[in-house]
Structures are given as structure tokens and as C-alpha cells.
Amino acid sequence: MNRREILKAMSVAAVGLSCSMVMGGRQLAFAAEGKVLKVQNDQDITNLDPALRGGWYDEMVMFATYAGLCQYKAGDTWGWQLDAAKTLEQVDPLTVRFELKPGLLWTGDFGEMTAEDVKYSFERFLDPKLAAVYATDWDALDHVEVTGKYTGVIHLKHAFAPLFTSTLPHASGLIVCKKAVSAAGGKIATDPLATSGPYRIGNWQPRERLTLVRNEKWQGAKPYFDEIQLVPIGDLNTAEIAFEAGDLNMTKINVSAIAKFQDNAQPDTTLTVRPALAYTWLGMNVEHPKLKDVRVRRAIQQAIDVPGVLDAAFGGAVKPAFGLVPPPLPGARSANRYAYDPAAAKKLLADAGVGNLQLRLDFGTNTDIATAAQVIQAQLAQIGITLQVNQMDSAAFVAAGQNAEGDAWKDSQLRITTFTTAPDASWVTAWFTCDQVGVWNTQRTCDKQWDQANAAAALELDPAKRAAQYIKLQDELEETGAYVFLYHGTNAWITPNTVHGAWTPDGQWPLFRDVTGA
Amino acid sequence: MLFYLFRRLLLAISVLLVTVTMLFSLVFLVPGDPASVALGPRATQAQKEALRQRMGMDQPALVQVGRFLARVATGDLGEDVLTHRPVNQLVARALPNTLVLALTAIGWAMLLGIPLGCWAALRPDTLADRVIGVLSTSVIALPAFVVAIYALLVFSVGLKWFPAIGAGHPGDLGSQLHALVLPSLTVGLSWIGYLARLVRASMLEVLQENHVRTYRAFGLSDRLIALHYVLPIAIVPVVSVLGVGIGSLLSGAVLTEIVFARPGLGKLAYDSVISRNFPVVMGTVVVTAALYVLANVAADLINARLDPRLRQGL
């Protein structure tokens, strides 16, 4: 073979290889007909087991495919509506009666949904063999009594206020098929085995596309779209470009992109902005030698002008926070105890005998927080504190505050953290107890009395009393000086005017059964 | 030739072993607990420990390296800790997308870069040569991610000629080729300039040689001499450069896959690093390293076949 023949052969091989690999992807014909909704998902599904699910990227699929006794209502206010249950009634603090709608069918050959499925679904959270990540949602469960084919009673060990706010209507309240799951050894992964919601999984190309199709056995209100395609795109800038190119019909956008779509700036696009169930705060490690003195921490609290920080970072699209509990939830505060006061801050530093203080502010990969951090840097400079701004990979940032990851936490000083939460204040304060020091409580504030008050608030069923308890808990966190509450944030989505979107009130995930054409 | 091939393969295996060892070192150095990332804040310490155990992360580093190598030798790349799917399956799905992207990018580079280089070499120091020179150098200097973003804004958002994301619909060749145009041009653009410069320089060198003067003395046309006698010699360095450059092409493909949300090896590796899904990270890097090594071996063998003097070089 001479040189020319080798070169020719290489060219032909390259073209042939390309074509064969492109054609080798031939698997299933793409259903391009019918009403198809193409939606951005922050990442691909990881686990569709209600007890072991990964996060909202799984939950948005689960709410479309499973049924629960009740589900969240779409709209602006938090509330629930009946789903698989015909009736659902809290008889007393420890007893909840339910009756299922008859004739709800599982996909596959698993027959009808019964009260046995409900019992199995909820009690498996407490099975140590399953090691349910969300076991705490059913911590108060004693057992589920089956009283008939469709009827049963949920018995609790103690009163549990979040039952109707963040357990039953949330993914931990979804009902799985006892026969199907038992046959699979009790575990569900990315194949839900059998479902009973308005959609079922039609096709999954991992990391590429998840297609939901109508569940032919669904007997409830028929959803508008024939098919929903979920495309995993973590980078919201890419998703926004894909929306503008017509490749997506529904995507979340960055907060900094809201202005571009506000006030009908894009006539063919509808912008939906919802207050997020999230909280972002600047925390201080109270065990760090530079931050042990409460006067130093208070000085930092009073030197940061939060509205100024947010104006610079978000251009007014985000409002200041006055605590950890997000405003739609009972227990949100309406004012801080320590207002912005740089003069007082300077005096506190002088009283503490601290001069030329140098600190480091850590945060994860987030351009909005990076801007906020730079403004905080400038504001702290006004009272003589030199702040080093340190952006980190998000997983490394989390690790730097945790005991299990070595001694890095000892060097941790200031951190800006964002948590999202289920719609109950108990899930907001749960991370600031003594047990959580060195895990998620990176401020390392610890007060046993605070922990007891926090536990008591989860048991209180009177909404007004409960709200007051959570406000007091946040007051006490602010008193430690270790917290500067920054913002709760927003979730913003864009859709074409031809799509009428539906989301949970915080906009964390779409409720596909309620999405329609405009 | 067989002895040469044997030596080359031994070297390739050594490179792979070093890569795997370096990779494991990096995994241990990078902060971030994969169990915490995978299970989220609600997980208890016991649940995290159990996951670490399942991932083998409770074992000493050497044991982990040994186990990983033993598995790789049997063709098993492990299990995705999030979805429990075999890494082999994930890689097998992603690999064709990346290979098609890289090969098409090379195709663009050869299709446009070689003719441009020839054209410029046959007209040295003319306006056409200078324009091609400036353009070639400019596209070499353009970072792939900048090209990707502008290509998206112009051709996907503005003109709506090409899709902005994905690799097309499975089973629909037209859709897959349509989705391939922008990413492959993005990856291949700098290589078009690079090959144009390389072929021009190489051809100018060959054009000065005695045998070319002889062809001219025999009255052969410039076109015939260039295409049949100069280009086949001048193109030899391109093979070596493409062999070495496959690594750079693959890294260009990583960035491009992220920007275009194209489900290839690069995006798989990136997503897995972010979620600390180490078995997938290791699987993708091992396969990428193997591809790189194999491409280099292939380039060396082709060069050795084309020029026997090179067989003595190792």
C-alpha cells in the first residue's frame, strides 16, 4: 500500500465511521406529532423512589407520574387538594383517616390501587433496610391501619405539624405499588416500576432526554400535553439560549436575566416570577479565633447594608430577607433586630480592641453571590475590615465547613450559603441545632435550649403560636451575631405565550398535570 | 514493523497506567464528599458511610487503584453512584456523540484547511496569501467557547438555522447531522486555520526540492505538480499533528458539549465532576485517555509506514 492509498483509506474510514456512529444511534422513532412540551430540568433524574429521591429534578417527574393522597395546588399560595384520596381528614392530632378513589389503576399488570399500597408506601420510610434519606418526613408515623379495600387510618406517635404542609402533599406522600416494589426487592431506582399518575415514563435517554407520555389508564382530568420532554441543562444561560432558539418551551432563567423579559420586553414570551422557598445568609464561624467575640460578629452584622448589596447584585429583582424562614411561610420575620449602622459597627470593633481585621469570605460557584460578595467587601472596608473574597467549587465549599472532611472548617470564617426548603418552617431551622454543628450548621452556634424550643415548634399545631415560636428562634439566632440574613430569592421561568404554565407557589418545579395551552 | 508496534503498545499501556494513577490522586485531593452530594442534606451519617462503603471509598487508595485496574482489565468501569447504572453503558451512549463531533471537526479542518493552505502556498506573498494568513491566525486565536456562544446567538437564536442544544433525535439522521453542524464547526474552526498554516509551510518547503524542479523541467503544469507530487509529501506532517492534536480536539469537544448541552463524553465527565460521581469521572477519563493513546499509536504507525526512517526513532 503506498502513501496515497493510505491517505485515501483514512479519509474513507473517517467518513464511514462518522456515518455509522450517527446511524448507530437509531433506536426509537421520535414522536414529533401531537402536543409536546419541551422543558429544561436542572439535571437528569437520579432516583424516583419517594423515600430516596435526589431533589426537585426528580420530584417534578414524580408529581406527574405518581399520585398521592393529596398534592400541592398550583398557583401563588401554598395549599393542597385531594389527589388519589376521595376523603382525607385529620380526626385528632394523632389520627388521619383516608379513603381512596376506587378504580385507580397502576401501569403494567398490577391492578388497582388499594389502602395496602398506602400502608406500604408510608411505612417503608421507617424500614432500616431501606435507609430512607427522607425518613424524617415520617418520623412521627406509628403505623397505617388498613380498614377496608380503599380505607385506612394513619396513626401518629406524636403530633406533627408538617404532616399536611411538607409530608403528605410532598413527594414523601406519593403512593408506590406494593406488588411491583416488593417484587423488585423493595427498592426503586430510575424505573418507577408502576405508577398511577396522569403521565408515565415513555422513554429515557440518560443525560439527554426524559420523555413522559400520557398514562392510558389514568381516569382523572386529562392533561393538556400528549408528551413532555425533559432536557437536563444545568447552565441556565444555555437553557435561555435554547428557549430563544425554539428548542425549549419552558425554562428556568437566572435572576439576573429577569430584567430582559420584564414589562413585556419580549412580546412572545411570558415571564413568571415566584418567591423561592430558599434562604441565603452570611454565616460566621463562632469558633474561629477572629470571630469568637460577639462584638466583632455584631459589628459585621451592622456594617452590611443588605438592600445595597442586593441592588448591586440583582438590580432590585430580589428583596432583603429578615430571617431564615421565607415570607410565604408562617414564622417569617418582618424586621431585623440589628439594623445597618456602620458607626455602631466601628464602635463595637473599637470596644472589642480589634484593629486591622482581615477575614475571608467563602462561597460556591454563583455569579450573583460573587457580585454580592464584592459589595460586602467594599462595605466592610468602610469599618476597617479587609475581606478576601474566595469563590469555590460548590462541593468543595460544602466540604470546607464539615467536620467529616478534615480540619478545613477550623479555617472557615465567613460563608455565604443558600438552602432551599420544603414548605414548612421546621425544615428551615432544622440545620441550626447542636447536632448539626460541623454538618450543616457551619456557624457552629449551639444552644440546647434553642434546640428544645425548635423541637417543640414542630409539635405545635396552633398556626399562630407556631409562627411566634419560629420568629423567636430566628431572633435568637440573630442575637448570636453569627448570621446576616441576605435574601430568599426568586424562581423565574419563561414560556412562550402559547403555553400556560403551572408551578408550585415557589416556582421550584412545574406541575405538569396543570400546564395547558394558552 | 511488528517489533515497532509492540514497543508502541507497551508505551501506550504505560501512559494509561500513569493516567489512572494521576486520576486517583486527583480524586483524593479534590475536596467534596461524593456521599454528601449524592444523598443531600437529609441523609444521616450512617447513610453516607454506607454509600462511601458501596463506592469503595473506605478502602486505602492503593486498594482502590488495584480494584479499579482489575475491573478495567475485565471491561467493567463500575457503577454510577446516583442512578446505579453501569458506567460502561453511560460511556457507550456518550462516546459516539463525542467521536462523531471530533471526527467531523477534523473533517471540516481537512476539507477547508488543506485547500486553503495549498492555495496560499501556490501564491506566496500575494494578497490572497496574506489574507489567508491573517484569517488562519485569527481563527487559531479564537477560543472555542467564544465561537460557540456567538455561533449559538447568530445561527440558532438569530437566524434559527440550527438547533441550540442536543445531538438530534435518535433514529433521525437528518436531525443528528443538523445538530452536528454548529458544534463541529466550533471545534474544528481553529484547526482549519492551523492546517492551512501547516500545509502552506510544508508545501513551500517541498516546492523548493530538486524533484519538483525536475517536474517543472519536464514541462508538467503547476497544478499537476502541486496536486500529484507536492501535496502527498507535504501532507505527511498533518497526520502526525492530527494524531497529537486529538487530545486538544477532545478537550475542545468537552467545552463545546457543555455549551451546546450535547450528551457526549465531555459533558458526562463535567456533570460527574460537579456531582462528585467519581466512578463516572474515572470511567470517562480512562476511555478518553485510551482514545488519545490509541490515536497517537495510529498516527505513529501511519507515519512509520509512510516514512520508514521513523521506525528507528523509538
# chains A, B, ... in the order shown; residues from 1 in each chain; ligands from 1
$ closest_atom_pairs --of "chain B" --to "chain A" --cutoff "6 Å" --atoms "only C-alpha atoms" --output "Markdown table"
| residue | atom | partner | partner_atom | distance |
| --- | --- | --- | --- | --- |
| B:Pro31 | CA | A:Ala396 | CA | 4.9 |
| B:Gly32 | CA | A:Ala396 | CA | 4.5 |
| B:Arg42 | CA | A:Val133 | CA | 5.9 |
| B:Ala43 | CA | A:Val133 | CA | 4.9 |
| B:Leu82 | CA | A:Thr46 | CA | 5.4 |
| B:Thr83 | CA | A:Thr46 | CA | 5.0 |
| B:Pro96 | CA | A:Met21 | CA | 5.7 |
| B:Val100 | CA | A:Ser18 | CA | 5.2 |
| B:Ser156 | CA | A:Ala245 | CA | 5.2 |
| B:Val157 | CA | A:Ala245 | CA | 4.3 |
| B:Lys160 | CA | A:Ala245 | CA | 5.9 |
| B:Ala164 | CA | A:Ala242 | CA | 5.2 |
| B:Pro170 | CA | A:Arg26 | CA | 5.1 |
| B:Gly171 | CA | A:Arg26 | CA | 3.5 |
| B:Pro263 | CA | A:Glu208 | CA | 5.8 |
| B:Leu306 | CA | A:Arg3 | CA | 5.8 |
$ residues_around --residues "Ile13 (chain B)" --least-positions-apart "4" --cutoff "9 Å" --atoms "only C-alpha atoms" --output "VMD selection string"
chain B and resid 8 to 9 17 to 18 290 293
$ write_last_selection --atoms "C-alpha atoms" --output "PDB file, in the first residue's frame"
ATOM      1  CA  ARG B   8       4.469   1.413  20.822  1.00  0.00           C
ATOM      2  CA  LEU B   9       1.719  -0.606  22.539  1.00  0.00           C
ATOM      3  CA  LEU B  17      -1.396   3.357  33.897  1.00  0.00           C
ATOM      4  CA  VAL B  18       0.175   6.717  34.759  1.00  0.00           C
ATOM      5  CA  ALA B 290      -7.311   5.354  25.884  1.00  0.00           C
ATOM      6  CA  VAL B 293      -3.218   6.984  23.321  1.00  0.00           C
TER       7      VAL B 293
END
$ select_by_dssp --residues "region 20-227 of chain B" --states "helix (DSSP H, G or I)" --output "NGL selection string"
:B and (20-29 or 34-39 or 45-54 or 61-73 or 87-121 or 127-141 or 144-158 or 173-207 or 210-217 or 222-227)
$ residues_around --residues "Leu5 (chain B)" --least-positions-apart "6" --cutoff "10 Å" --atoms "only C-alpha atoms" --output "PyMOL selection string"
chain B and resi 11+297-298+300-301+304+311
$ atom_distance --atom1 "CA of Gly197 (chain A)" --atom2 "CA of Ala64 (chain A)"
6.0 Å
$ residues_around --residues "Val65 (chain B)" --least-positions-apart "3" --cutoff "10 Å" --atoms "only C-alpha atoms" --output "list in words"
Val20, Thr21, Leu23, Phe24, Ser25, Gln59, Pro60, Ala61, Leu62, Phe68, Leu69, Ala70 and Arg71 of chain B
$ closest_atom_pairs --of "region 194-272 of chain A" --to "region 159-179 of chain A" --cutoff "9 Å" --atoms "only C-alpha atoms" --output "CSV"
residue,atom,partner,partner_atom,distance
A:Ala194,CA,A:Cys177,CA,6.1
A:Thr195,CA,A:Val176,CA,6.9
A:Ser196,CA,A:Val176,CA,8.4
$ write_last_selection --atoms "N, CA, C and O atoms" --output "PDB file, in the first residue's frame"
ATOM      1  N   ALA A 194     -44.078   0.870  38.695  1.00  0.00           N
ATOM      2  CA  ALA A 194     -45.501   1.034  38.359  1.00  0.00           C
ATOM      3  C   ALA A 194     -45.946   2.381  38.908  1.00  0.00           C
ATOM      4  O   ALA A 194     -45.555   2.751  40.019  1.00  0.00           O
ATOM      5  N   THR A 195     -46.739   3.119  38.138  1.00  0.00           N
ATOM      6  CA  THR A 195     -47.194   4.440  38.590  1.00  0.00           C
ATOM      7  C   THR A 195     -48.689   4.566  38.333  1.00  0.00           C
ATOM      8  O   THR A 195     -49.286   3.741  37.637  1.00  0.00           O
ATOM      9  N   SER A 196     -49.257   5.646  38.871  1.00  0.00           N
ATOM     10  CA  SER A 196     -50.708   5.795  38.736  1.00  0.00           C
ATOM     11  C   SER A 196     -51.108   7.231  38.423  1.00  0.00           C
ATOM     12  O   SER A 196     -52.268   7.593  38.530  1.00  0.00           O
TER      13      SER A 196
END
$ closest_residue --among "B:Gly66, B:Val199, B:Leu294, B:Pro34" --to "Gln53 (chain B)" --atoms "only C-alpha atoms"
B:Pro34
$ atom_distance --atom1 "CA of Gln508 (chain A)" --atom2 "CA of Leu329 (chain A)"
15.0 Å
$ select_by_dssp --residues "region 168-321 of chain A" --states "strand (DSSP E or B)" --output "PyMOL selection string"
chain A and resi 174+199-205+209-214+227-232+250-253+269-275+278-284+320
$ atom_distance --atom1 "CA of Glu99 (chain A)" --atom2 "CA of Asp76 (chain A)"
28.1 Å
$ closest_residue --among "B:Leu177, B:Leu142, B:Leu242, B:Trp191" --to "Leu111 (chain B)" --atoms "only C-alpha atoms"
B:Trp191
